[in-house]
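Student: Right, I'll just put the structure down here and ask away after.
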Amino acid sequence: MQKKMKQKRFLFQLASLLLPLLILIPVFVSMGVAPFGKSNLLVSDLGTQYVPFFSYFKEMVLGNGSPLYSFSSGMGDDFLPLAAYYLMSPFNLIFLVTPKIYLATAVTLVIMLKICFISWSLVFYLSRTYQKVEVAQLFFALGYAFCGFVGIYLYNIMWLDALIWLPIVALSIQYLVDRNKKLFYCFSLFAVIVSNYYLGYMTCLFALSYFIYWTMRQTEFKNLKDYFQQTMKKWLSFITYSIIGAGLTSFILIPALLGMLQTGKSAVDWKIFLPFPTFGLDFFLQLGIENTDFTSRLDHLPTIFIGSLFLLLAVSYFFIGSISKKEKWLSFSMLAVLFLSFWLQSFNTVWHMFQLTAGFPYRNAYMFSFFLILLGYSSWQKRSELSERLILKISGTLIGLLAIGYVYSWLIVPWLIKNSKLSQFIQSQSAIPLQPYLFWVSAGAIILTSILLIWGKSSKMIMLLLFATVTLEIGYNFHQMLADTPLADNTRFQVDMKNYTQLLNEMDEKDQGLYRIKNTIKGVDNGYNESFLYNYHSIPYYSSTLNEDLRDSLWKLGLFSKNERRISDVGQTPFLDYLFNTRYVLGSYQAKGTELAIAKSEFGQILPLHPEMETSIGYMVPSEFSEIKLKEERPFDNQNRLVGSIIGSQKKLFQSTDVTQSVATNAYMVTVKTTGPTYLYLPKIKFQTIRLYVDGKEISPQVAVTNQALINLGEFSAGKQFYLEIKSQREVIVESENIQTLDDTVYREVTNRLQQTRLAVSSWSESNIQGEVQVEKNQDVLFVSIPHDTKWKAEVDGKPVALKKVLGDFIGVPLDKGTHTISLTYYPEGFKIGTWVSYICVFWLIGLVSYNGWKKNKRKK
């Protein structure tokens, strides 16, 4: 019997892996997504972050990068926090064996594989919890695998792993409580935290809630004191193995947390803990087919859709007579805890690591869906107790609530939007592009499901029809959520990967030094993470692990930063190019200066930015330079002060222009006083609300600027005039200080001075730089264009030297006059500390297992 049961379980587990393909393949075929078509899913975060990181991950394993530090991370950053956040899923091993040209196709396959395993994990949970297997489990698993969360959050592919582990963690808690099986829980917690510590943190909160729920459910107690007396040993085991399970992840968790403290997310605003609701009655929209799609992915209601059958059964759970009141109250309380975790802002903030989400809100909503499905399956086991009248009443109620959601969204939300005092209560729902026809589709699905559930009690054929209806509804919802996705061109991705690789390989053969490249070809992610995608060094960076001090410093110098997760090189000036060791520019083949190209092909070319000068990662500067504090919204002034300190004069790098307002509104005649590139800076204007034209030609930066940055208007000679037109719905005041020209003469003077005192790099790796520098009089600090990090250690002539923090977040090495040998080495202390903590937890776990085994053997004797 046991052998037959194991065989049956194996077959059902296999079926649970294959059944989701009945939805996935038709949906992706209809969308034309590779490998079923010529498009791919490299949009949103999938295109801007994940695939570039997967590409670098492959290069790193091949030895072309470091797992500890990377100069592709903006201007350089600890790589472990990024790896912990994005790259720890075991499914990512697939990308290691995938040629980079097929990465986009591999992404589709990995998403499909993860969804299949989400289905598998729920069947695994149900078959072990109820000690049986049945066809119904496969369809409940479909409801979980294609819940609303999956349909919209698959653009954050790493989060799908958490849905795989959640049922396993829940089952391991049951085993800990019911069977005293502790290692299962310990290792499942370890797995979910390692695969993604962010949702792993949320899973820890769920685990605590579920442990309380399950121990109370399994224990007969009179009051809380009695409960704790009876469950004290179980609590001790839960706490102990939770600490060990989390502690085992310290090798990656501690570096990740230390890295996160350097991001903008380390700042906490007390206002986000205020107990106000994050949505209203429009929550009931989620009871039916989703109104959430790609257009509303960044700002929407909690995506809890699970399908009409499972929702109807979950509600029925509370009306089944054979289920005790205690169990109902405990289940209701668990649902309430999960609901409050995303409805009340105080709890929402705690569950989201004490931060407001920047897009993709309610990232723990899948837990609510999971628990609803568990309640639904409990009802399924007792469906014989469900009367026709009860089913119809619940169906009518669900349709009524769904109608309330639509009416609230049609009438109430528009009124709330106009009332600014109540705007904080409608952060999500105001952005929903409501699709009313989905009400009728949802209502029809609920009615049809109810009828089939009633008729199916005595007919296997109708029951199969019921499950077929469930599959169609779930599949339609999944397609609905993906239908408006602006898919990327997979052929373009493959061609670009081939061309970039060829061009950069040619470049690497000619210059193997440490330098940065400016990429002016707009690519798959608007240039933010192309340095990861194609493996070169650059300034732009887009990641949740971006160093906040670096971002702030670059923003004050005039570079564009959309939010705390992004920094672009829009706003970069020739002076900053030289100071930050941006040696080359990668552009289209039609760019000027082809005869100077270091590498070229039909696709593009790489040109030197400073043909007559050598750049370096470090330059000697006076102490005045290192003491400059950058000012907000003063990029021209900040760069002028830097240049003045270097050349030791009152000369200014940027010269203001003469600006005369034209007769037309927002139109100006600008006269340039010196030769060089001319820039516009309007700190009080959001650039996304205006359009710029110079002599009738629109100025459009490579990355769409939304707030502020230095905008290059073009190269002009002294005395040249041009006509500036700004199209805006309101008046835009432009003065001479807003438009300034970089003086080419002063630029050459400052770069010549820096060139003479540059650090001559003799050898380098991602975590070590060796070189020699000649220090002259009045030059006290070696400025190194690497973000300051206490894990960087410097040696001068073999002796350790304390580093300074320069320009907000760059490395400064104090030096005396003379010739010095410099060594900069990166020591990932967080990794070492974390590894030791993990070792301690391993020995602790071994000790506990050995002790428990000894006690068990002693009892037998």
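Here's how to read the names in the structure tokens: chain A, B, ... by the order shown, residue numbers from 1 in each chain, ligand numbers from 1 in the order shown.
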Find the residues around A:Asp78 up to 8 Å (only C-alpha atoms counted), leave out those fewer than 6 positions away in its own chain, and share them as a ChimeraX atom specification.

Tutor: /A:68-70,259,828

Student: Using DSSP on the backbone, list every residue of stretch 441-542 of chain A that comes out as strand (DSSP E or B), and give them as a list in words.

Tutor: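 The strand (DSSP E or B) residues within stretch 441-542 of chain A come out as Ala488, Asp489, Arg516, Ile517, Lys518, Asn519, Tyr541 and Tyr542 of chain A.
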
Student: Using N, CA and C atoms, can you export the residues from the last selection as a PDB file, in the first residue's frame?

Tutor:
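What follows is the written file part.pdb:
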ATOM      1  N   ALA A 488       9.200  43.321 -26.039  1.00  0.00           N
ATOM      2  CA  ALA A 488      10.420  43.762 -26.710  1.00  0.00           C
ATOM      3  C   ALA A 488      10.717  42.865 -27.907  1.00  0.00           C
ATOM      4  N   ASP A 489      11.543  43.382 -28.804  1.00  0.00           N
ATOM      5  CA  ASP A 489      11.922  42.660 -30.019  1.00  0.00           C
ATOM      6  C   ASP A 489      13.066  41.705 -29.693  1.00  0.00           C
ATOM      7  N   ARG A 516      36.275  53.779 -17.913  1.00  0.00           N
ATOM      8  CA  ARG A 516      34.831  53.731 -18.102  1.00  0.00           C
ATOM      9  C   ARG A 516      34.484  54.134 -19.530  1.00  0.00           C
ATOM     10  N   ILE A 517      33.329  53.627 -19.979  1.00  0.00           N
ATOM     11  CA  ILE A 517      32.842  53.918 -21.329  1.00  0.00           C
ATOM     12  C   ILE A 517      31.476  54.584 -21.224  1.00  0.00           C
ATOM     13  N   LYS A 518      31.271  55.618 -22.018  1.00  0.00           N
ATOM     14  CA  LYS A 518      29.954  56.250 -22.128  1.00  0.00           C
ATOM     15  C   LYS A 518      29.242  55.650 -23.333  1.00  0.00           C
ATOM     16  N   ASN A 519      28.068  55.088 -23.106  1.00  0.00           N
ATOM     17  CA  ASN A 519      27.310  54.445 -24.186  1.00  0.00           C
ATOM     18  C   ASN A 519      26.194  55.388 -24.640  1.00  0.00           C
ATOM     19  N   TYR A 541      23.418  53.302 -13.563  1.00  0.00           N
ATOM     20  CA  TYR A 541      23.146  52.130 -12.722  1.00  0.00           C
ATOM     21  C   TYR A 541      21.701  52.207 -12.256  1.00  0.00           C
ATOM     22  N   TYR A 542      21.036  51.051 -12.262  1.00  0.00           N
ATOM     23  CA  TYR A 542      19.655  50.968 -11.792  1.00  0.00           C
ATOM     24  C   TYR A 542      19.526  49.706 -10.958  1.00  0.00           C
TER      25      TYR A 542
END

Student: Distance atom CA of A:Leu586-atom CA of A:Phe603, one decimal place?

Tutor: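 Taking atom CA of A:Leu586 as the start and atom CA of A:Phe603 as the end point, the length is 10.4 Å.
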
Student: Which residues in stretch 549-587 of chain A does DSSP call alpha helix (DSSP H)? List them as a list of chain:residue names.

Tutor: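 Here is the list: A:Asp549, A:Leu550, A:Arg551, A:Asp552, A:Ser553, A:Leu554, A:Trp555, A:Lys556, A:Pro574, A:Phe575, A:Leu576, A:Asp577, A:Tyr578, A:Leu579.
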
Student: For stretch 250-252 of chain A, work out the shell of residues within 9 Å, counting only C-alpha atoms and skipping chain neighbours fewer than 2 positions away, then give it as a PyMOL selection string.

Tutor: chain A and resi 80-81+83-84+194+246-248+254-257+830-839
